[in-house]
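Participant: Okay, handing you the structure first.
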Amino acid sequence: MSLYQRFFAHTLAWGDDAQDRLYGDHKRRLFAGLEGTVVEIGPGTGVNLPHLPDGLRWIGLEPNPHMHGYIRERLDGRALDAEIRTAPAQKTGLPDESVDAVVSTLVLCSVPDVRDTLAELRRVLRPGGRLLFIEHVAAERHTPLCWFQHGIRPVWRAVADGCRPDRDTGAQLRRAGFSTVEMERFDIGVPPVSPHIVGTATK
């Protein structure tokens, strides 16, 4: 597993520029105005850090230790009170109602159980706190892309660190008990992960 984790970290770092071209505008709008204590689940190589405002207390929950060096490089020179932990998203170890916002980008596709993870994130958010998300999601049912996502899922999970291309994350967010969930769809044109959602779930 360690060798795979190292390889996956290197692969993500290699693709950071491409990811920024695909998602950068969405991130700048989504993260504008963040303040207080922000937890990011699965920050990977720290690709979101350039889009976060200074002055935050930032806690990155990254179980893959081979990502941590990349994160520290991006933190260098930033005015962030930053901490990196290896705790997973579904068991953060954080106190109840202790954070102002949670950031999740391209992570909920690969957590073992979305319902348990969202319950944990809602637990640690303060009342009025927000989960900010950008996630790829299942295609519309009974479409060729939907069938393709289902067919490629076993191989995709094996090579993409457990990612499930056909997970209906939007529906899971709406059922997770947040007071409001606002999202919009967009498409990046890269099957099998073309359909995406971006938005905010408020406790």
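Following the order of the structure tokens, chains are lettered A, B, ..., residues in each are numbered from 1, and ligands are numbered from 1.
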Would you pick out the contacts of A:Pro191 at 9 Å or less, using only C-alpha atoms, so that residues sharing its chain but fewer than 2 positions from it are not included, and give the list as a PyMOL selection string?

Facilitator: chain A and resi 145+148-149+188-189+193-195

Participant: Using DSSP secondary structure from the backbone, list all alpha helix (DSSP H) positions within stretch 16-202 of chain A, as a PyMOL selection string.

Facilitator: chain A and resi 16-31+68-75+114-124+144-159+169-174

Participant: With stretch 113-121 of chain A as the partner and 12 Å as the cut-off, tabulate the residues of stretch 16-59 of chain A that qualify, each row holding the nearest pair of atoms and their distance in Å to one decimal, using only C-alpha atoms, sorted by chain and rising number, as JSON lines.

Facilitator:
```
{"residue": "A:Val38", "atom": "CA", "partner": "A:Leu121", "partner_atom": "CA", "distance": 11.5}
{"residue": "A:Val39", "atom": "CA", "partner": "A:Leu121", "partner_atom": "CA", "distance": 9.3}
{"residue": "A:Glu40", "atom": "CA", "partner": "A:Leu121", "partner_atom": "CA", "distance": 10.3}
{"residue": "A:Ile41", "atom": "CA", "partner": "A:Leu121", "partner_atom": "CA", "distance": 9.4}
```

Participant: So, counting only C-alpha atoms, which residue among A:Pro43, A:Gly24, A:Pro53, A:Pro95 is closest to A:Arg78?

Facilitator: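 Using only C-alpha atoms, A:Arg78 sits closest to A:Pro53.
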
Participant: In terms of the shortest atom-to-atom distance over only C-alpha atoms, which of A:Gly93, A:Asp161, A:Leu132, A:Ala18 is closest to A:Arg6?

Facilitator: A:Asp161

Participant: Determine which residues of chain A receive a DSSP assignment of strand (DSSP E or B), computed from the backbone, and state them as a PyMOL selection string.

Facilitator: chain A and resi 37-41+57-61+81-85+99-105+125-136+180-187+195-202

Participant: Could those selected residues go to a file with N, CA and C atoms, as a short mmCIF file (atom, residue, chain, number, x, y, z; two decimals), in the first residue's frame?

Facilitator:
```cif
data_model
loop_
_atom_site.label_atom_id
_atom_site.label_comp_id
_atom_site.auth_asym_id
_atom_site.auth_seq_id
_atom_site.Cartn_x
_atom_site.Cartn_y
_atom_site.Cartn_z
N THR A 37 -12.06 28.71 11.37
CA THR A 37 -11.43 27.39 11.30
C THR A 37 -12.02 26.61 10.14
N VAL A 38 -11.15 26.18 9.24
CA VAL A 38 -11.56 25.46 8.04
C VAL A 38 -10.88 24.10 8.03
N VAL A 39 -11.67 23.05 7.89
CA VAL A 39 -11.14 21.70 7.75
C VAL A 39 -11.26 21.30 6.29
N GLU A 40 -10.18 20.80 5.72
CA GLU A 40 -10.24 20.27 4.37
C GLU A 40 -10.02 18.76 4.43
N ILE A 41 -10.96 18.00 3.89
CA ILE A 41 -10.81 16.56 3.85
C ILE A 41 -10.12 16.16 2.54
N ARG A 57 -7.46 29.41 10.18
CA ARG A 57 -6.91 28.22 10.81
C ARG A 57 -7.32 27.05 9.91
N TRP A 58 -6.35 26.43 9.29
CA TRP A 58 -6.62 25.37 8.30
C TRP A 58 -6.13 24.03 8.84
N ILE A 59 -7.03 23.04 8.86
CA ILE A 59 -6.68 21.68 9.28
C ILE A 59 -6.90 20.76 8.08
N GLY A 60 -5.84 20.17 7.60
CA GLY A 60 -5.92 19.26 6.47
C GLY A 60 -5.93 17.82 6.93
N LEU A 61 -6.98 17.08 6.61
CA LEU A 61 -7.08 15.66 6.98
C LEU A 61 -6.70 14.83 5.77
N ASP A 81 -2.66 29.46 9.79
CA ASP A 81 -2.36 28.65 10.96
C ASP A 81 -2.72 27.22 10.57
N ALA A 82 -1.75 26.48 10.07
CA ALA A 82 -2.03 25.22 9.39
C ALA A 82 -1.57 24.01 10.20
N GLU A 83 -2.34 22.94 10.04
CA GLU A 83 -2.02 21.67 10.69
C GLU A 83 -2.42 20.55 9.74
N ILE A 84 -1.55 19.56 9.60
CA ILE A 84 -1.84 18.39 8.76
C ILE A 84 -2.03 17.19 9.68
N ARG A 85 -3.14 16.47 9.48
CA ARG A 85 -3.41 15.26 10.24
C ARG A 85 -3.68 14.11 9.27
N VAL A 99 -15.81 23.70 13.99
CA VAL A 99 -15.23 24.31 12.79
C VAL A 99 -16.28 25.14 12.06
N ASP A 100 -15.80 26.14 11.33
CA ASP A 100 -16.69 27.05 10.61
C ASP A 100 -17.02 26.56 9.21
N ALA A 101 -16.11 25.81 8.60
CA ALA A 101 -16.35 25.33 7.24
C ALA A 101 -15.54 24.07 7.00
N VAL A 102 -16.08 23.24 6.13
CA VAL A 102 -15.37 22.06 5.64
C VAL A 102 -15.28 22.16 4.14
N VAL A 103 -14.12 21.84 3.60
CA VAL A 103 -13.89 21.86 2.16
C VAL A 103 -13.71 20.43 1.67
N SER A 104 -14.44 20.08 0.62
CA SER A 104 -14.32 18.76 0.01
C SER A 104 -14.32 18.93 -1.50
N THR A 105 -13.20 18.63 -2.14
CA THR A 105 -13.15 18.68 -3.60
C THR A 105 -12.62 17.35 -4.11
N LEU A 125 -19.27 20.67 12.31
CA LEU A 125 -19.59 22.04 11.91
C LEU A 125 -20.38 22.75 13.00
N ARG A 126 -20.07 24.01 13.19
CA ARG A 126 -20.87 24.84 14.07
C ARG A 126 -22.23 25.12 13.42
N PRO A 127 -23.25 25.46 14.20
CA PRO A 127 -24.52 25.88 13.60
C PRO A 127 -24.29 27.04 12.63
N GLY A 128 -24.80 26.90 11.42
CA GLY A 128 -24.54 27.89 10.39
C GLY A 128 -23.28 27.62 9.60
N GLY A 129 -22.48 26.64 10.04
CA GLY A 129 -21.27 26.29 9.31
C GLY A 129 -21.60 25.64 7.97
N ARG A 130 -20.61 25.68 7.06
CA ARG A 130 -20.87 25.25 5.68
C ARG A 130 -19.90 24.18 5.22
N LEU A 131 -20.44 23.24 4.47
CA LEU A 131 -19.63 22.29 3.71
C LEU A 131 -19.58 22.80 2.27
N LEU A 132 -18.38 23.10 1.81
CA LEU A 132 -18.18 23.59 0.44
C LEU A 132 -17.65 22.44 -0.40
N PHE A 133 -18.28 22.16 -1.52
CA PHE A 133 -17.92 20.96 -2.26
C PHE A 133 -17.86 21.18 -3.77
N ILE A 134 -16.93 20.45 -4.37
CA ILE A 134 -16.88 20.24 -5.82
C ILE A 134 -16.65 18.74 -5.99
N GLU A 135 -17.59 18.05 -6.59
CA GLU A 135 -17.50 16.60 -6.69
C GLU A 135 -17.99 16.13 -8.06
N HIS A 136 -17.33 15.12 -8.60
CA HIS A 136 -17.91 14.49 -9.79
C HIS A 136 -18.95 13.49 -9.34
N THR A 180 -29.84 23.54 4.54
CA THR A 180 -29.98 23.91 3.13
C THR A 180 -28.84 23.28 2.33
N VAL A 181 -29.12 22.91 1.10
CA VAL A 181 -28.11 22.42 0.17
C VAL A 181 -28.34 23.13 -1.16
N GLU A 182 -27.35 23.88 -1.60
CA GLU A 182 -27.42 24.59 -2.86
C GLU A 182 -26.31 24.07 -3.76
N MET A 183 -26.66 23.68 -4.97
CA MET A 183 -25.65 23.16 -5.88
C MET A 183 -26.03 23.45 -7.32
N GLU A 184 -25.02 23.47 -8.16
CA GLU A 184 -25.25 23.55 -9.60
C GLU A 184 -24.37 22.51 -10.28
N ARG A 185 -24.79 22.09 -11.45
CA ARG A 185 -24.07 21.07 -12.19
C ARG A 185 -23.21 21.72 -13.26
N PHE A 186 -22.10 21.08 -13.55
CA PHE A 186 -21.28 21.48 -14.69
C PHE A 186 -20.59 20.24 -15.22
N ASP A 187 -20.03 20.34 -16.40
CA ASP A 187 -19.46 19.18 -17.07
C ASP A 187 -18.06 19.53 -17.54
N PRO A 195 -19.71 14.58 -15.36
CA PRO A 195 -20.69 15.39 -14.62
C PRO A 195 -20.16 15.76 -13.23
N HIS A 196 -20.36 17.02 -12.86
CA HIS A 196 -19.90 17.53 -11.57
C HIS A 196 -20.99 18.35 -10.90
N ILE A 197 -20.84 18.52 -9.60
CA ILE A 197 -21.65 19.47 -8.85
C ILE A 197 -20.71 20.37 -8.06
N VAL A 198 -21.15 21.60 -7.85
CA VAL A 198 -20.43 22.55 -7.01
C VAL A 198 -21.45 23.25 -6.15
N GLY A 199 -21.16 23.44 -4.87
CA GLY A 199 -22.14 24.10 -4.04
C GLY A 199 -21.80 24.12 -2.57
N THR A 200 -22.84 24.40 -1.78
CA THR A 200 -22.70 24.60 -0.34
C THR A 200 -23.83 23.90 0.40
N ALA A 201 -23.48 23.18 1.44
CA ALA A 201 -24.46 22.60 2.35
C ALA A 201 -24.26 23.26 3.71
N THR A 202 -25.33 23.82 4.26
CA THR A 202 -25.25 24.60 5.50
C THR A 202 -25.92 23.84 6.63
#
```

Participant: Skip A:Asn48 itself and residues of its chain fewer than 2 positions away, then list as a list in words all residues within 10 Å of it, counting only C-alpha atoms.

Facilitator: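 Non-adjacent residues within range: Asp16, Gln19, Asp20, Tyr23, Gly24, Lys27, Arg28, Phe31, Glu40, Pro43, Gly44, Thr45, Gly46, Pro50, His51, Leu52, Ile71, Arg74, Val103, Ser104 and Thr105 of chain A.
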
Participant: Between atom CA of A:Phe7 and atom CA of A:Ala139, what is the distance in Å, rounded to a tenth?

Facilitator: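 Atom-to-atom, atom CA of A:Phe7 and atom CA of A:Ala139 are spaced 28.8 Å apart.
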
Participant: Report, in Å with one decimal, the straight-line distance from atom CA of A:Ala87 to atom CA of A:Glu62.

Facilitator: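 Between atom CA of A:Ala87 and atom CA of A:Glu62 the gap is 6.6 Å.
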
Participant: Please determine, counting only C-alpha atoms, which residue among A:Val190, A:Val137, A:Val47, A:Leu56 has the shortest atom-to-atom distance to A:Leu173.

Facilitator: A:Val137
